[in-house]
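Here is the structure we will look at, set down as structure tokens.
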Amino acid sequence: MKPSHLLAAATLVSASLPAFAVNPQPDPTNPTGYVLLRSEVQASEAAQTSDPMYAVWANALSTAPNTVVNAIDAGLATNPAT
């Protein structure tokens, strides 16, 4: 990758980071925990999942329930289609 392309990619990534940002605060009732605002988490989720590629990757990374996986065996006609 040419340096100018690398700089452009880095700029694009850093510019999009605030959309994913949440501001964790120390939890006053749990010394090892943090508190997040639901609105910040939801805004971050919406920003990350609004890209159409998210649906493509989510579909590609989906998993079957254990009951389906455990029923698979070599050569069975009842095995799910790939």
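The chains in the structure tokens are called A, B, ... from first to last as shown; in each chain the residues are counted from 1, and the ligands are counted from 1 in the order shown.
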
Original post:
Neighbours of A:Val41 within 7 Å (only C-alpha atoms; same-chain residues fewer than 4 positions away dropped), as a PyMOL selection string?
Top reply: chain A and resi 22+37+45
